[in-house]
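Peer 1: Take a look at this one; I'll ask things after.
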Amino acid sequence: MPFTQLGLSDEIVRAVREQGYTTPTPIQTQAIPAVLAGGDLLAGAQTGTGKTAGFTLPILQLLKDGPKSTPSKSRPVRALILAPTRELAAQVEESVRVYGKYLNLRSAVIFGGVSINPQIELLKRGVDILVATPGRLLDHMQQRTIDLSRIEILVLDEADRMLDMGFIRDIRRVLAALPANRQNLLFSATFSDEIKALADGLLNTPATIEVARRNSTVDTIEQKVHPVDRNRKHPLLSHLIKTRNWFQVLVFTRTKHGANRLVEQLGKDGISALAIHGNKSQGARTKALSEFKDGKLQVLVATDIAARGIDIDQLPHVVNYDLPNVPEDYVHRIGRTGRAGAVGEAVSLVCVDEHDLLKNIEKLIKRTLPREVIAGFEPDPNATPQPIQLRSGNGGGRRQPQPKKPAASAASGASTKSGGAPKPPAKNQPATKASLLHRAGNRGR
């Protein structure tokens with residue numbers, strides 16, 4: 001079914017075609033008509049399935065003919081899209097801008113790490129579609145620089161990640177400020193018990209869409225485990241990159257400190273690498289991501305939270321330098337490769353400390369990952385596991401309840417005629433999320 005048969009206007013279809021797309025993905029085929037019907041929606045889709053266009057396109061269609069109520073002198077915010085991180089928020093707003101380029105709509109993105117004053121000026125001039133991270137949106141609400149009383153559509157994007165980051169209290173404060181009569185769209189990579197509870201309280205008899213098997217990994221991704229001693233991970237990674245001529249390699253580490261150290265080590269090996277994590281300035285993060293997307297940077301090292309919003313066509317290699325402490329994060333990580341039918345490779349460097357983590361991942365994805373020992377990097381069969389230590393505030397953004405398994409944001413705002421490409425899980429104990437509410441307050445700001 002082409003986009004022309006989904007109920008979208010000629011202006012929107014034209015903008016989509018200019019991005020090189022004529023056929024919607026499965027999530028778009030189901031979500032677009034459901035959103036256009038006006039009801040609430042609960043959608044489950046993995047990263048890379050086209051979910052962003054699945055909600056931005058119908059929102060543009062619903063809003064293009066003007067507000068339902070009498071328009072005021074300044075444009076009211078009519079659609080609010082909440083995203084967990086700065087990078088993802090910027091990506092979503094870019095999608096709105098690109099697809100709405102032929103419509104008389106304005107969009108803006110607001111998040112922390114940059115001055116709030118330019119954002120205040122943007123909001124004063126009027127915005128139809130606002131993309132925001134929870135923390136910075138609350139800043140505006142507290143300063144009374146935003147009016148949410150005219151919201152017609154609310155989107156919670158990557159809702160599972162927002163819960164994992166401790167944003168549930170912030171989300172509830174935002175919900176309390178919105179009009180009761182609105183359309184709610186909840187998108188999540190997984191349907192955990194926490195997500196179901198949130199949906200039950202937010203959505204009114206929603207349509208439900210789940211385009212991929214829960215917690216599954218795509219078939220186009222070649223997954224492999226390389227057993228290695230903990231102190232030989234860096235030499236092995238350099239060896240793989242050089243001998244296999246890898247470029248555009250996204251590497252995940254468990255901590256910010258580990259990311260920085262790995263970048264230094266790779267640099268000494270003659271491999272260009274930069275890190276993105278919460279301690280990096282917004283300018284540094286934007287520069288690193290831009291160079292990586294443009295192919296100027298060979299390796300991008302990231303923590304889980306900072307990597308949200310990385311959306312690159314045909315990313316060939318994802319490396320788990322450290323296995324994630326939450327199994328669902330493995331699915332999130334490797335989902336950045338093998339998109340749109342392209343073949344991708346996901347490699348995990350696993351030491352003896354991580355054997356239990358690997359078992360949990362394999363249990364989740366319901367498959368045993370093939371092991372391949374690289375010659376010259378054979379692990380010591382007599383090595384004993386050591387506890388995985390994490391400092392508070394690590395890049396993974398989570399703290400596990402048991403010591404044995406500790407848990408391992410692009411411009412100040414944009415306001416243009418609105419309009420990337422049709423781009424296209426984690427269950428912690430409630431007590432763990434509650435413990436994160438206070439210290440997670442600055443994330444997503």
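Each chain of the structure tokens is named A, B, ... in the order shown, its residues numbered from 1; ligands are numbered from 1 in display order.
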Excluding Ala43 (chain A) and any residue of its chain fewer than 4 positions from it, enumerate the residues within 7 Å of it, using only C-alpha atoms, and give them as a ChimeraX atom specification.

Peer 2: /A:186-188,208-210

Peer 1: Take the residues just selected and output them with C-alpha atoms as a PDB file, in the first residue's frame.

Peer 2:
```pdb
ATOM      1  CA  LEU A 186       1.969   5.878  23.409  1.00  0.00           C
ATOM      2  CA  PHE A 187       4.898   4.299  21.570  1.00  0.00           C
ATOM      3  CA  SER A 188       7.144   1.780  23.281  1.00  0.00           C
ATOM      4  CA  THR A 208      -3.193  -1.633  19.912  1.00  0.00           C
ATOM      5  CA  ILE A 209      -0.434  -2.281  17.397  1.00  0.00           C
ATOM      6  CA  GLU A 210       2.614  -4.489  17.846  1.00  0.00           C
TER       7      GLU A 210
END
```

Peer 1: Residues near Ala288 (chain A), anyone? I mean within 8 Å using only C-alpha atoms, not counting same-chain ones fewer than 2 positions away, as a PyMOL selection string.

Peer 2: chain A and resi 274-276+284-286+290-292+297+300

Peer 1: Extract, using only C-alpha atoms, all DNA, RNA and protein residues at most 8 Å from region 13-23 of chain A, discarding same-chain residues fewer than 2 positions from it, and format them as number ranges by chain.

Peer 2: A: 1-4, 8-11, 25, 98-102, 421-422

Peer 1: Keeping only N, CA, C and O atoms, write the selected residues as a PDB file, in the first residue's frame.

Peer 2:
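Below you can see again_11.pdb, which holds the result:
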```
ATOM      1  N   MET A   1       0.836  -1.195   0.000  1.00  0.00           N
ATOM      2  CA  MET A   1       0.000   0.000   0.000  1.00  0.00           C
ATOM      3  C   MET A   1       0.880   1.258   0.000  1.00  0.00           C
ATOM      4  O   MET A   1       1.706   1.435   0.894  1.00  0.00           O
ATOM      5  N   PRO A   2       0.723   2.157  -0.982  1.00  0.00           N
ATOM      6  CA  PRO A   2       1.527   3.377  -1.015  1.00  0.00           C
ATOM      7  C   PRO A   2       1.007   4.413  -0.021  1.00  0.00           C
ATOM      8  O   PRO A   2      -0.105   4.306   0.502  1.00  0.00           O
ATOM      9  N   PHE A   3       1.819   5.439   0.241  1.00  0.00           N
ATOM     10  CA  PHE A   3       1.414   6.505   1.154  1.00  0.00           C
ATOM     11  C   PHE A   3       0.158   7.228   0.656  1.00  0.00           C
ATOM     12  O   PHE A   3      -0.607   7.760   1.460  1.00  0.00           O
ATOM     13  N   THR A   4      -0.051   7.243  -0.643  1.00  0.00           N
ATOM     14  CA  THR A   4      -1.209   7.942  -1.206  1.00  0.00           C
ATOM     15  C   THR A   4      -2.531   7.329  -0.770  1.00  0.00           C
ATOM     16  O   THR A   4      -3.576   7.970  -0.876  1.00  0.00           O
ATOM     17  N   LEU A   8      -3.382  10.697   3.651  1.00  0.00           N
ATOM     18  CA  LEU A   8      -2.527  11.861   3.837  1.00  0.00           C
ATOM     19  C   LEU A   8      -2.693  12.827   2.677  1.00  0.00           C
ATOM     20  O   LEU A   8      -2.947  12.422   1.534  1.00  0.00           O
ATOM     21  N   SER A   9      -2.513  14.107   2.953  1.00  0.00           N
ATOM     22  CA  SER A   9      -2.687  15.132   1.930  1.00  0.00           C
ATOM     23  C   SER A   9      -1.571  15.065   0.897  1.00  0.00           C
ATOM     24  O   SER A   9      -0.504  14.483   1.127  1.00  0.00           O
ATOM     25  N   ASP A  10      -1.817  15.703  -0.253  1.00  0.00           N
ATOM     26  CA  ASP A  10      -0.825  15.721  -1.326  1.00  0.00           C
ATOM     27  C   ASP A  10       0.466  16.394  -0.866  1.00  0.00           C
ATOM     28  O   ASP A  10       1.559  15.982  -1.272  1.00  0.00           O
ATOM     29  N   GLU A  11       0.335  17.426  -0.024  1.00  0.00           N
ATOM     30  CA  GLU A  11       1.525  18.142   0.444  1.00  0.00           C
ATOM     31  C   GLU A  11       2.416  17.235   1.292  1.00  0.00           C
ATOM     32  O   GLU A  11       3.641  17.259   1.172  1.00  0.00           O
ATOM     33  N   THR A  25       6.219   1.511   6.016  1.00  0.00           N
ATOM     34  CA  THR A  25       6.618   0.317   6.766  1.00  0.00           C
ATOM     35  C   THR A  25       5.384  -0.260   7.453  1.00  0.00           C
ATOM     36  O   THR A  25       4.337   0.402   7.537  1.00  0.00           O
ATOM     37  N   VAL A  98      10.613  18.259   8.224  1.00  0.00           N
ATOM     38  CA  VAL A  98      10.815  17.783   6.859  1.00  0.00           C
ATOM     39  C   VAL A  98       9.499  17.388   6.203  1.00  0.00           C
ATOM     40  O   VAL A  98       9.220  17.751   5.059  1.00  0.00           O
ATOM     41  N   TYR A  99       8.657  16.667   6.931  1.00  0.00           N
ATOM     42  CA  TYR A  99       7.404  16.203   6.339  1.00  0.00           C
ATOM     43  C   TYR A  99       6.331  17.281   6.283  1.00  0.00           C
ATOM     44  O   TYR A  99       5.382  17.175   5.506  1.00  0.00           O
ATOM     45  N   GLY A 100       6.479  18.312   7.091  1.00  0.00           N
ATOM     46  CA  GLY A 100       5.496  19.392   7.072  1.00  0.00           C
ATOM     47  C   GLY A 100       5.962  20.625   6.331  1.00  0.00           C
ATOM     48  O   GLY A 100       5.409  21.706   6.510  1.00  0.00           O
ATOM     49  N   LYS A 101       6.978  20.469   5.486  1.00  0.00           N
ATOM     50  CA  LYS A 101       7.592  21.628   4.832  1.00  0.00           C
ATOM     51  C   LYS A 101       6.617  22.385   3.933  1.00  0.00           C
ATOM     52  O   LYS A 101       6.788  23.586   3.688  1.00  0.00           O
ATOM     53  N   TYR A 102       5.590  21.727   3.427  1.00  0.00           N
ATOM     54  CA  TYR A 102       4.631  22.398   2.554  1.00  0.00           C
ATOM     55  C   TYR A 102       3.346  22.790   3.282  1.00  0.00           C
ATOM     56  O   TYR A 102       2.356  23.160   2.643  1.00  0.00           O
ATOM     57  N   ALA A 421      13.419  11.006   7.933  1.00  0.00           N
ATOM     58  CA  ALA A 421      12.916  10.019   7.003  1.00  0.00           C
ATOM     59  C   ALA A 421      12.018   9.053   7.708  1.00  0.00           C
ATOM     60  O   ALA A 421      12.162   8.852   8.872  1.00  0.00           O
ATOM     61  N   PRO A 422      11.040   8.450   7.019  1.00  0.00           N
ATOM     62  CA  PRO A 422      10.196   7.512   7.742  1.00  0.00           C
ATOM     63  C   PRO A 422      11.042   6.390   8.296  1.00  0.00           C
ATOM     64  O   PRO A 422      11.379   5.493   7.578  1.00  0.00           O
TER      65      PRO A 422
END
```

Peer 1: Residues of region 124-327 of chain A in helix (DSSP H, G or I) according to DSSP, as a ChimeraX atom specification?

Peer 2: /A:124-125,134-142,159-164,168-176,193-202,230-243,256-268,282-293,304-307,327

Peer 1: Residues within 9 Å of region 223-239 of chain A, please, as an MDAnalysis selection string. Count only C-alpha atoms; anything in the same chain fewer than 3 positions from it doesn't count.

Peer 2: chainID A and resid 242:244 262 265:266 269 271 319 321 334 344:353 369:374 376:380 383

Peer 1: Mind checking which residues fall within 6 Å of region 77-79 of chain A, counting only C-alpha atoms, ignoring those fewer than 4 positions away in the same chain, and posting them as an MDAnalysis selection string?

Peer 2: chainID A and resid 127:129 150:154

Peer 1: Got a sec: who's within 8 Å of Leu41 (chain A), counting only C-alpha atoms, leaving out chain neighbours fewer than 3 positions off, as a ChimeraX atom specification?

Peer 2: /A:31,34-35,184-186,203,206-209

Peer 1: One decimal, Å: what's the distance from CA of Ala177 (chain A) over to CA of Ser107 (chain A), could you say?

Peer 2: 20.2 Å

Peer 1: Give me, as a PyMOL selection string, all polymer residues having an atom no more than 10 Å from region 133-145 of chain A, counting only C-alpha atoms and skipping those fewer than 6 positions away in the same chain.

Peer 2: chain A and resi 81-90+109-114+116-117+119-121+123-124+162+167-171+173-174+177+409+440-445

Peer 1: I need the residues of region 18-204 of chain A that end up classed as strand (DSSP E) by DSSP on the backbone, written out as a ChimeraX atom specification.

Peer 2: /A:41-44,79-82,106-110,129-132,153-156,183-188

Peer 1: Check the smallest atom-to-atom distance from each of A:Ala273, A:Leu156, A:Leu289, A:Leu163 to Asp193 (chain A) using only C-alpha atoms, then report the winner.

Peer 2: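 That would be A:Leu163, the residue with the smallest distance to Asp193 (chain A).
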